[in-house]
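So this one's run_20.csv, CSV, C-alpha atoms:
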```csv
chain,number,residue,atom,x,y,z
A,1,MET,CA,-8.8,-28.9,-38.0
A,2,LEU,CA,-6.3,-26.0,-38.2
A,3,GLU,CA,-9.2,-23.5,-38.0
A,4,SER,CA,-10.5,-25.1,-34.9
A,5,ILE,CA,-7.0,-25.0,-33.3
A,6,ASN,CA,-6.7,-21.3,-34.2
A,7,GLN,CA,-10.2,-20.5,-32.8
A,8,ALA,CA,-9.4,-22.4,-29.6
A,9,SER,CA,-6.0,-20.6,-29.2
A,10,LYS,CA,-7.8,-17.2,-29.7
A,11,THR,CA,-10.4,-18.0,-27.1
A,12,ALA,CA,-7.9,-19.2,-24.5
A,13,GLY,CA,-5.7,-16.1,-25.2
A,14,SER,CA,-8.6,-13.8,-24.4
A,15,TYR,CA,-8.8,-15.2,-20.9
A,16,LEU,CA,-5.1,-15.1,-20.2
A,17,PRO,CA,-5.1,-11.4,-18.9
A,18,ALA,CA,-7.8,-12.2,-16.4
A,19,VAL,CA,-6.1,-15.4,-15.3
A,20,PHE,CA,-2.7,-13.6,-14.8
A,21,PHE,CA,-4.4,-10.7,-13.0
A,22,PHE,CA,-6.1,-12.8,-10.3
A,23,ALA,CA,-3.3,-15.3,-10.0
A,24,GLY,CA,-0.7,-12.4,-9.6
A,25,PHE,CA,-2.9,-10.5,-7.1
A,26,ILE,CA,-3.5,-13.6,-4.9
A,27,TRP,CA,0.2,-14.5,-5.0
A,28,ASP,CA,1.1,-10.9,-3.9
A,29,ALA,CA,-1.4,-11.0,-1.1
A,30,LEU,CA,-0.1,-14.3,0.2
A,31,THR,CA,3.7,-13.6,-0.1
A,32,ILE,CA,4.1,-9.9,0.7
A,33,GLY,CA,2.9,-10.4,4.3
A,34,ARG,CA,1.9,-7.8,6.8
A,35,ASN,CA,5.3,-6.3,6.9
A,36,VAL,CA,7.5,-4.5,4.4
A,37,ALA,CA,10.6,-6.6,3.8
A,38,ALA,CA,13.8,-5.6,2.0
A,39,SER,CA,13.4,-8.7,-0.3
A,40,ASP,CA,10.0,-7.3,-1.5
A,41,LEU,CA,11.5,-4.0,-2.4
A,42,ILE,CA,14.4,-5.7,-4.3
A,43,ILE,CA,11.9,-7.8,-6.3
A,44,PHE,CA,9.8,-4.7,-7.1
A,45,ALA,CA,13.0,-2.8,-8.2
A,46,GLY,CA,13.7,-5.7,-10.5
A,47,TYR,CA,10.3,-5.4,-12.1
A,48,LEU,CA,10.8,-1.7,-12.6
A,49,LEU,CA,14.3,-2.3,-14.1
A,50,VAL,CA,12.9,-4.8,-16.6
A,51,ALA,CA,10.0,-2.5,-17.5
A,52,GLY,CA,12.5,0.3,-18.1
A,53,LEU,CA,14.7,-1.9,-20.3
A,54,ILE,CA,11.7,-2.8,-22.4
A,55,LEU,CA,10.5,0.8,-22.8
A,56,PHE,CA,14.1,1.8,-23.8
A,57,SER,CA,14.3,-1.1,-26.3
A,58,ILE,CA,10.9,-0.6,-28.1
A,59,SER,CA,11.7,3.1,-28.4
A,60,ARG,CA,14.9,2.5,-30.4
A,61,PRO,CA,14.8,3.1,-34.2
A,62,ILE,CA,15.9,-0.5,-34.9
A,63,PHE,CA,12.6,-1.8,-33.3
A,64,SER,CA,10.4,0.5,-35.4
A,65,SER,CA,12.3,-0.1,-38.6
A,66,SER,CA,12.3,-3.9,-38.2
A,67,GLY,CA,8.6,-3.9,-38.8
A,68,PHE,CA,7.7,-5.3,-35.4
A,69,ILE,CA,5.2,-2.6,-34.7
A,70,LEU,CA,3.4,-3.2,-38.0
A,71,ALA,CA,3.3,-7.0,-37.7
A,72,ASP,CA,-0.3,-7.0,-36.6
A,73,GLU,CA,-1.4,-5.6,-40.0
A,74,ALA,CA,-0.1,-8.7,-41.8
A,75,GLN,CA,-1.3,-11.2,-39.2
A,76,ASP,CA,-4.6,-12.0,-40.9
A,77,LYS,CA,-2.8,-12.8,-44.2
A,78,ALA,CA,-0.2,-15.1,-42.7
A,79,GLN,CA,-0.4,-18.8,-42.1
A,80,ALA,CA,-0.5,-20.3,-38.6
A,81,PRO,CA,3.3,-20.3,-37.9
A,82,SER,CA,3.5,-16.7,-39.3
A,83,ARG,CA,0.7,-15.7,-36.9
A,84,LEU,CA,2.5,-17.1,-34.0
A,85,TYR,CA,5.7,-15.3,-35.0
A,86,ALA,CA,3.7,-12.0,-35.5
A,87,ILE,CA,2.3,-12.3,-32.0
A,88,ALA,CA,5.7,-13.1,-30.5
A,89,THR,CA,7.4,-10.2,-32.2
A,90,SER,CA,4.6,-7.5,-32.0
A,91,ARG,CA,2.6,-8.2,-28.8
A,92,TRP,CA,5.1,-9.6,-26.4
A,93,PRO,CA,6.8,-6.3,-25.4
A,94,TYR,CA,3.5,-4.6,-24.7
A,95,PHE,CA,2.0,-7.7,-23.0
A,96,LEU,CA,5.1,-8.0,-20.8
A,97,LEU,CA,4.9,-4.3,-19.9
A,98,GLN,CA,1.3,-4.8,-19.0
A,99,PHE,CA,2.2,-7.7,-16.8
A,100,LEU,CA,5.1,-5.9,-15.1
A,101,PHE,CA,3.1,-2.7,-14.4
A,102,GLY,CA,0.2,-4.9,-13.2
A,103,SER,CA,2.5,-6.7,-10.8
A,104,LEU,CA,4.0,-3.5,-9.5
A,105,LEU,CA,0.5,-1.9,-9.0
A,106,SER,CA,-0.8,-5.0,-7.3
A,107,ALA,CA,2.1,-5.1,-4.9
A,108,LEU,CA,2.0,-1.4,-4.2
A,109,PHE,CA,-1.7,-1.5,-3.7
A,110,ILE,CA,-1.3,-4.2,-1.1
A,111,LEU,CA,1.5,-2.3,0.7
A,112,TYR,CA,-0.4,1.0,0.7
A,113,PHE,CA,-3.6,-0.7,1.8
A,114,LYS,CA,-1.9,-2.3,4.7
A,115,SER,CA,-0.5,1.1,5.7
A,116,SER,CA,-3.9,2.8,5.4
A,117,SER,CA,-6.2,3.2,8.5
A,118,HIS,CA,-8.3,6.2,7.8
A,119,TRP,CA,-10.6,7.3,5.1
A,120,LEU,CA,-8.3,9.7,3.2
A,121,ALA,CA,-5.6,7.0,2.9
A,122,TRP,CA,-8.2,4.4,1.9
A,123,PHE,CA,-9.3,6.8,-0.9
A,124,MET,CA,-5.7,6.7,-2.2
A,125,SER,CA,-5.6,2.9,-2.0
A,126,LEU,CA,-8.9,2.9,-3.9
A,127,LEU,CA,-7.4,4.9,-6.7
A,128,LEU,CA,-4.5,2.5,-6.9
A,129,ALA,CA,-7.0,-0.4,-7.0
A,130,SER,CA,-8.9,1.3,-9.9
A,131,LEU,CA,-5.7,1.8,-11.8
A,132,LEU,CA,-4.7,-1.8,-11.2
A,133,VAL,CA,-8.0,-3.0,-12.7
A,134,GLY,CA,-7.8,-0.5,-15.5
A,135,ASN,CA,-4.3,-1.7,-16.4
A,136,GLU,CA,-5.9,-5.0,-17.7
A,137,PHE,CA,-7.5,-3.0,-20.6
A,138,LEU,CA,-4.5,-0.8,-21.5
A,139,GLU,CA,-2.4,-3.1,-23.6
A,140,ASN,CA,-3.2,-1.3,-26.9
A,141,GLN,CA,-2.6,2.1,-25.2
A,142,TYR,CA,1.0,1.1,-24.4
A,143,ARG,CA,1.8,1.4,-28.2
A,144,LYS,CA,1.1,5.1,-27.9
A,145,PHE,CA,3.9,5.2,-25.2
A,146,THR,CA,2.4,8.1,-23.2
A,147,VAL,CA,0.5,5.7,-20.9
A,148,SER,CA,3.7,3.6,-20.6
A,149,TRP,CA,5.8,6.5,-19.5
A,150,ALA,CA,3.1,7.7,-17.1
A,151,LEU,CA,2.8,4.2,-15.4
A,152,PHE,CA,6.6,3.8,-15.3
A,153,GLY,CA,6.9,7.2,-13.6
A,154,LEU,CA,4.0,6.4,-11.1
A,155,CYS,CA,5.5,3.0,-10.2
A,156,ALA,CA,9.0,4.5,-9.8
A,157,MET,CA,7.7,7.3,-7.5
A,158,LEU,CA,5.6,5.0,-5.3
A,159,LEU,CA,8.4,2.5,-5.0
A,160,PHE,CA,10.9,5.1,-4.1
A,161,ASN,CA,8.4,6.5,-1.5
A,162,PHE,CA,8.8,3.1,0.3
A,163,ALA,CA,12.5,2.5,-0.4
A,164,LEU,CA,14.1,5.8,0.6
A,165,PRO,CA,12.6,5.9,4.2
A,166,PHE,CA,13.3,2.2,4.5
A,167,ILE,CA,17.0,2.7,3.7
A,168,LEU,CA,17.4,6.0,5.6
A,169,GLY,CA,15.4,4.8,8.7
A,170,SER,CA,13.3,8.0,8.8
A,171,VAL,CA,9.8,9.0,7.9
A,172,LEU,CA,10.4,12.7,7.8
A,173,SER,CA,8.3,14.5,5.0
A,174,ILE,CA,11.5,15.6,3.2
A,175,TRP,CA,12.2,12.0,2.2
A,176,PHE,CA,8.7,11.6,0.6
A,177,TYR,CA,9.1,14.7,-1.5
A,178,LEU,CA,12.7,13.8,-2.4
A,179,SER,CA,11.8,10.2,-3.4
A,180,THR,CA,8.9,11.5,-5.5
A,181,LEU,CA,11.3,13.8,-7.4
A,182,LEU,CA,13.8,10.9,-7.8
A,183,GLY,CA,11.1,8.7,-9.3
A,184,ALA,CA,10.0,11.4,-11.7
A,185,MET,CA,13.7,12.2,-12.6
A,186,LEU,CA,14.3,8.5,-13.4
A,187,ALA,CA,11.4,8.5,-15.9
A,188,TYR,CA,12.6,11.8,-17.5
A,189,TRP,CA,16.2,10.5,-17.7
A,190,LEU,CA,15.1,7.2,-19.4
A,191,TYR,CA,12.9,9.2,-21.8
A,192,SER,CA,15.8,11.5,-22.7
A,193,LYS,CA,17.9,8.4,-23.6
A,194,THR,CA,15.4,7.2,-26.2
A,195,PRO,CA,16.2,8.9,-29.5
A,196,ASN,CA,12.7,8.6,-31.0
A,197,HIS,CA,11.0,10.2,-27.9
A,198,LEU,CA,7.8,8.3,-28.6
A,199,GLY,CA,4.8,9.5,-26.6
A,200,SER,CA,4.7,12.4,-24.1
A,201,ILE,CA,6.6,12.5,-20.8
A,202,TRP,CA,4.7,15.5,-19.3
A,203,PRO,CA,2.0,13.4,-17.5
A,204,VAL,CA,4.8,12.2,-15.1
A,205,SER,CA,5.2,15.8,-13.8
A,206,VAL,CA,1.4,16.0,-13.2
A,207,ILE,CA,1.5,12.7,-11.3
A,208,ALA,CA,4.4,13.9,-9.2
A,209,GLY,CA,2.5,17.1,-8.3
A,210,ILE,CA,-0.7,15.1,-7.4
A,211,LEU,CA,1.3,12.8,-5.2
A,212,MET,CA,2.9,15.7,-3.3
A,213,LEU,CA,-0.4,17.4,-2.8
A,214,ALA,CA,-2.0,14.1,-1.6
A,215,TYR,CA,0.8,13.7,0.9
A,216,ALA,CA,0.4,17.2,2.1
A,217,VAL,CA,-3.3,16.7,2.9
A,218,ASP,CA,-2.6,13.3,4.6
A,219,MET,CA,-4.0,11.1,1.9
A,220,ILE,CA,-0.8,9.0,1.7
A,221,PRO,CA,0.1,7.0,4.8
A,222,PRO,CA,3.6,7.5,6.3
A,223,VAL,CA,5.1,4.4,4.7
A,224,PRO,CA,6.8,2.1,5.5
A,225,LEU,CA,5.2,2.3,8.9
A,226,VAL,CA,2.3,-0.3,9.1
A,227,LYS,CA,-0.3,-0.6,11.9
A,228,ARG,CA,-0.4,-4.1,13.3
A,229,ASP,CA,-2.8,-3.9,16.3
A,230,ILE,CA,-4.7,-1.2,18.2
A,231,ALA,CA,-7.0,-1.9,21.1
A,232,MET,CA,-8.6,-0.3,24.2
A,233,ALA,CA,-8.2,-1.9,27.6
A,234,TYR,CA,-8.9,-1.4,31.3
A,235,ALA,CA,-5.6,-2.8,32.4
A,236,ILE,CA,-2.3,-3.9,30.7
A,237,GLU,CA,0.2,-6.4,32.1
A,238,LYS,CA,3.4,-7.7,30.6
A,239,VAL,CA,3.6,-11.5,30.8
A,240,HIS,CA,6.2,-14.1,29.6
A,241,SER,CA,5.2,-17.2,27.7
A,242,GLU,CA,6.7,-20.7,28.2
A,243,GLN,CA,9.0,-20.0,25.3
A,244,GLY,CA,10.3,-16.9,27.0
A,245,ASN,CA,8.6,-14.4,24.6
A,246,ALA,CA,7.2,-11.3,26.3
A,247,LYS,CA,3.6,-10.4,25.5
A,248,TYR,CA,1.1,-7.9,26.7
A,249,GLN,CA,-2.1,-9.2,28.4
A,250,LEU,CA,-5.0,-6.7,28.0
A,251,SER,CA,-8.2,-6.7,30.1
A,252,GLN,CA,-10.8,-5.5,27.6
A,253,GLN,CA,-14.5,-4.9,27.6
A,254,ALA,CA,-16.3,-8.1,26.6
A,255,SER,CA,-18.5,-8.0,23.6
A,256,PRO,CA,-22.2,-8.7,24.0
A,257,TRP,CA,-23.4,-12.2,23.3
A,258,TRP,CA,-24.9,-11.4,20.0
A,259,GLN,CA,-21.6,-10.2,18.6
A,260,PHE,CA,-20.3,-13.8,18.3
A,261,TRP,CA,-17.6,-12.9,15.8
A,262,ARG,CA,-15.6,-10.8,18.3
A,263,LYS,CA,-14.4,-11.2,21.8
A,264,SER,CA,-13.9,-7.6,22.8
A,265,SER,CA,-16.0,-4.5,22.3
A,266,ASN,CA,-15.2,-0.8,21.7
A,267,ASP,CA,-18.1,0.3,23.8
A,268,LEU,CA,-16.5,0.8,27.1
A,269,GLY,CA,-18.3,0.9,30.4
A,270,VAL,CA,-16.2,3.2,32.8
A,271,GLN,CA,-16.5,3.9,36.5
A,272,SER,CA,-15.6,7.3,38.0
A,273,GLY,CA,-11.8,7.6,38.4
A,274,GLN,CA,-11.0,4.6,36.2
A,275,ARG,CA,-8.2,4.5,33.7
A,276,ILE,CA,-8.6,3.3,30.1
A,277,TYR,CA,-5.6,2.4,28.0
A,278,CYS,CA,-4.9,2.6,24.3
A,279,PHE,CA,-2.5,-0.2,23.2
A,280,SER,CA,-0.9,0.0,19.7
A,281,SER,CA,1.6,-2.2,17.7
A,282,ILE,CA,3.3,-0.5,14.8
A,283,PHE,CA,5.7,-2.3,12.4
A,284,ALA,CA,8.8,-0.4,11.4
A,285,PRO,CA,11.7,-1.8,9.4
A,286,ALA,CA,15.0,-2.5,11.2
A,287,GLY,CA,17.0,0.7,11.7
A,288,LEU,CA,14.0,3.0,11.6
A,289,LYS,CA,13.2,5.2,14.6
A,290,ALA,CA,10.2,7.5,14.8
A,291,LYS,CA,8.5,9.5,17.4
A,292,LEU,CA,4.8,8.7,17.5
A,293,PHE,CA,1.8,10.4,19.3
A,294,HIS,CA,-1.4,9.1,20.7
A,295,ASP,CA,-3.9,11.9,20.3
A,296,TRP,CA,-7.0,11.3,22.5
A,297,GLN,CA,-9.9,13.1,20.9
A,298,ARG,CA,-13.5,13.5,22.0
A,299,HIS,CA,-16.4,14.3,19.7
A,300,THR,CA,-18.3,17.5,20.7
A,301,LYS,CA,-20.8,19.8,19.0
A,302,ASN,CA,-17.7,21.5,17.5
A,303,GLY,CA,-16.3,18.2,16.1
A,304,TRP,CA,-13.4,16.3,17.3
A,305,VAL,CA,-11.5,18.1,20.1
A,306,LEU,CA,-8.1,17.1,21.3
A,307,GLN,CA,-8.2,16.1,25.0
A,308,SER,CA,-4.7,14.9,25.6
A,309,ARG,CA,-1.5,13.9,23.7
A,310,ALA,CA,1.2,11.4,24.7
A,311,SER,CA,4.3,10.5,22.8
A,312,PHE,CA,6.7,7.5,22.6
A,313,THR,CA,9.5,6.4,20.2
A,314,VAL,CA,9.3,3.3,18.1
A,315,THR,CA,12.3,1.3,17.1
A,316,GLY,CA,12.1,-0.9,14.0
A,317,GLY,CA,13.0,-4.5,13.5
A,318,ARG,CA,10.5,-6.4,15.6
A,319,TYR,CA,8.4,-8.7,13.3
A,320,ASN,CA,5.2,-8.3,15.3
A,321,GLY,CA,5.7,-4.5,15.6
A,322,PHE,CA,6.8,-2.1,18.2
A,323,ARG,CA,4.3,-2.0,21.1
A,324,GLY,CA,3.4,1.0,23.2
A,325,TYR,CA,0.5,2.3,25.1
A,326,THR,CA,-0.9,5.5,26.7
A,327,TYR,CA,-3.8,6.0,29.1
A,328,LYS,CA,-6.5,8.5,30.2
A,329,THR,CA,-8.1,8.7,33.6
A,330,SER,CA,-11.8,9.4,34.1
A,331,PRO,CA,-12.7,10.0,30.4
A,332,ALA,CA,-16.1,11.8,30.0
A,333,ALA,CA,-19.0,9.8,28.4
A,334,GLY,CA,-19.4,10.1,24.7
A,335,ASP,CA,-17.7,9.2,21.4
A,336,TRP,CA,-13.9,9.0,21.4
A,337,ARG,CA,-11.0,8.2,19.2
A,338,VAL,CA,-7.3,7.8,19.4
A,339,VAL,CA,-5.3,9.0,16.4
A,340,ILE,CA,-1.8,7.7,16.0
A,341,LYS,CA,0.4,10.2,14.3
A,342,THR,CA,4.1,10.8,13.4
A,343,GLU,CA,5.9,13.8,14.6
A,344,ASN,CA,5.3,15.5,11.2
A,345,GLU,CA,1.5,15.0,11.7
A,346,LYS,CA,1.0,12.1,9.3
A,347,THR,CA,-1.8,9.7,10.4
A,348,ILE,CA,-0.9,6.0,10.9
A,349,ALA,CA,-4.2,4.8,12.4
A,350,VAL,CA,-7.5,6.0,13.8
A,351,HIS,CA,-9.3,3.9,16.4
A,352,ASN,CA,-12.9,4.9,17.4
A,353,PHE,CA,-14.6,3.8,20.7
A,354,SER,CA,-17.3,5.1,23.0
A,355,VAL,CA,-17.5,5.6,26.8
A,356,LYS,CA,-20.5,5.1,29.0
A,357,MET,CA,-20.4,5.8,32.8
A,358,ARG,CA,-21.3,2.8,34.9
A,359,THR,CA,-21.3,2.0,38.7
A,360,GLU,CA,-20.8,-1.7,38.5
A,361,ASN,CA,-17.6,-3.5,37.2
A,362,PRO,CA,-17.7,-4.2,33.5
A,363,THR,CA,-17.5,-7.7,32.1
A,364,THR,CA,-14.0,-8.2,30.8
A,365,VAL,CA,-12.0,-10.6,28.7
A,366,LEU,CA,-8.3,-11.2,28.7
A,367,ARG,CA,-6.4,-11.2,25.4
A,368,LEU,CA,-2.7,-11.4,24.6
A,369,TYR,CA,-0.9,-9.1,22.1
```
Can you dump the structure from the file as structure tokens?
Amino acid sequence: MLESINQASKTAGSYLPAVFFFAGFIWDALTIGRNVAASDLIIFAGYLLVAGLILFSISRPIFSSSGFILADEAQDKAQAPSRLYAIATSRWPYFLLQFLFGSLLSALFILYFKSSSHWLAWFMSLLLASLLVGNEFLENQYRKFTVSWALFGLCAMLLFNFALPFILGSVLSIWFYLSTLLGAMLAYWLYSKTPNHLGSIWPVSVIAGILMLAYAVDMIPPVPLVKRDIAMAYAIEKVHSEQGNAKYQLSQQASPWWQFWRKSSNDLGVQSGQRIYCFSSIFAPAGLKAKLFHDWQRHTKNGWVLQSRASFTVTGGRYNGFRGYTYKTSPAAGDWRVVIKTENEKTIAVHNFSVKMRTENPTTVLRLY
């Protein structure tokens, strides 16, 4: 009977990491929302603080000398109560570290994915996703401590990348580099306070260098700015709902009948002398102001060529995002895109569309944003 109970507990325990992984990811996806909230950053900071306290505790001499680390070796010789005690005293710190780092990586992946709108930024999000999945197989590696310090440093740097611009209300490049250094310094400081110095801390420096390089080549989106909507239109009108809320009504190219899953199309039929508009909605936290640009680019035999640039300033705090639009008159036929950038040339979003010259009026559909 006891053997059956032990076998059942082992089988159930083997599924716990997968259960926690999917449950935590779904919870983060549902609760973090489309915007970056101060409460989210406070919760993530709490996760990082607890992870730091655990790393500090298990690096102390009293933890090693108490036999906790060696408890697994005697596990097979002990009775059932002793086995439970061994698991509680030897596995729980590493299992909890795995859970905390997994929760941080899951939340950061969601935040960075929501801020990514072009392939370089998606590649960075894919790396975070790979690391998130890989974390589920790293519990034993945490005992070597090098992996633990590397993940702690990475999470600290990515979290500070969000928090510092959020607090200062600016997305200038200097704050990204400074926040990356602060995250690395926190990991080095905590490592210096552990007398045993278990594991290596040098991977944190490598990660910091990779993050700075990735930001320089536009692989990391200008967090905490998040694209909400971007659309092309023939006309834009500001209207007021019955509740008094102001919205923008866009007259857009209707999609063909076979594209039943969408109402509007990015294949625009344009008459000579006609204007087309690019409407965008960008979320920015309260207190943040940033100058943004709409770069209208046309694809030629020489690649994407800038045709015009228009700027506007976003002011943070609106839940549905700051809305702005620019326009171009008589665009030439061909493939186009509008690239939304910050004043320090960091890409927020890329929207592709095509233009075909027509003599008749296009079929349009009205949509509110």
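Between atom CA of A:Val133 and atom CA of A:Leu53 there is a distance of 24.0 Å.
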Between atom CA of A:Met357 and atom CA of A:Gly269, what is the distance in Å, rounded to a tenth?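 According to the coordinates, atom CA of A:Met357 and atom CA of A:Gly269 are separated by 5.8 Å.
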Contact residues around stretch 327-333 of chain A with only C-alpha atoms at 12 Å, ignoring same-chain residues under 2 positions, as a VMD selection string: chain A and resid 231 to 236 267 to 280 294 to 300 307 to 311 324 to 325 335 to 338 353 to 358
Which residues are near A:Ala156? Cut-off 10 Å, all atoms listed in the file, ignore same chain within fewer than 6 positions. Put them as a compact mmCIF listing (two decimals) with C-alpha atoms, keeping the file's coordinate frame.
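Just written: selection_39.txt:
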```txt
# COMPACT_ATOMS: atom_id res chain seq x y z
CA PHE A 44 9.80 -4.70 -7.10
CA ALA A 45 13.00 -2.80 -8.20
CA LEU A 48 10.80 -1.70 -12.60
CA LEU A 49 14.30 -2.30 -14.10
CA GLY A 52 12.50 0.30 -18.10
CA LEU A 104 4.00 -3.50 -9.50
CA ALA A 150 3.10 7.70 -17.10
CA SER A 179 11.80 10.20 -3.40
CA THR A 180 8.90 11.50 -5.50
CA LEU A 181 11.30 13.80 -7.40
CA LEU A 182 13.80 10.90 -7.80
CA GLY A 183 11.10 8.70 -9.30
CA ALA A 184 10.00 11.40 -11.70
CA MET A 185 13.70 12.20 -12.60
CA LEU A 186 14.30 8.50 -13.40
CA ALA A 187 11.40 8.50 -15.90
```
I'd like the interatomic distance between atom CA of A:Phe101 and atom CA of A:Ala349, to a tenth of an Å.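 Interatomic distance here is 28.8 Å.
With only C-alpha atoms as the atoms that count, the minimum distance from A:Leu158 to the choices A:Gly134, A:Pro224, A:Pro203, A:Pro93 is reached by A:Pro224.
Across A:Ile174, A:Leu151, A:Val350, A:Val305, the tightest approach to A:Tyr215 is made by A:Ile174 when counting only C-alpha atoms.
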Selected residue of minimal separation from A:Ile58 among A:Thr326, A:Ser148, A:Ser265, A:Thr347, counting all atoms listed in the file: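 Between A:Thr326, A:Ser148, A:Ser265, A:Thr347, the residue approaching A:Ile58 most closely is A:Ser148.
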The residue from A:Ala290, A:Leu96, A:Leu111, A:Ala254 with the smallest atom-to-atom distance to A:Glu345, counting only C-alpha atoms, is A:Ala290
Just checking: using all atoms listed in the file, which residue out of A:Phe166, A:Phe260, A:Phe99, A:Tyr248 ends up closest to A:Gly287? A:Phe166
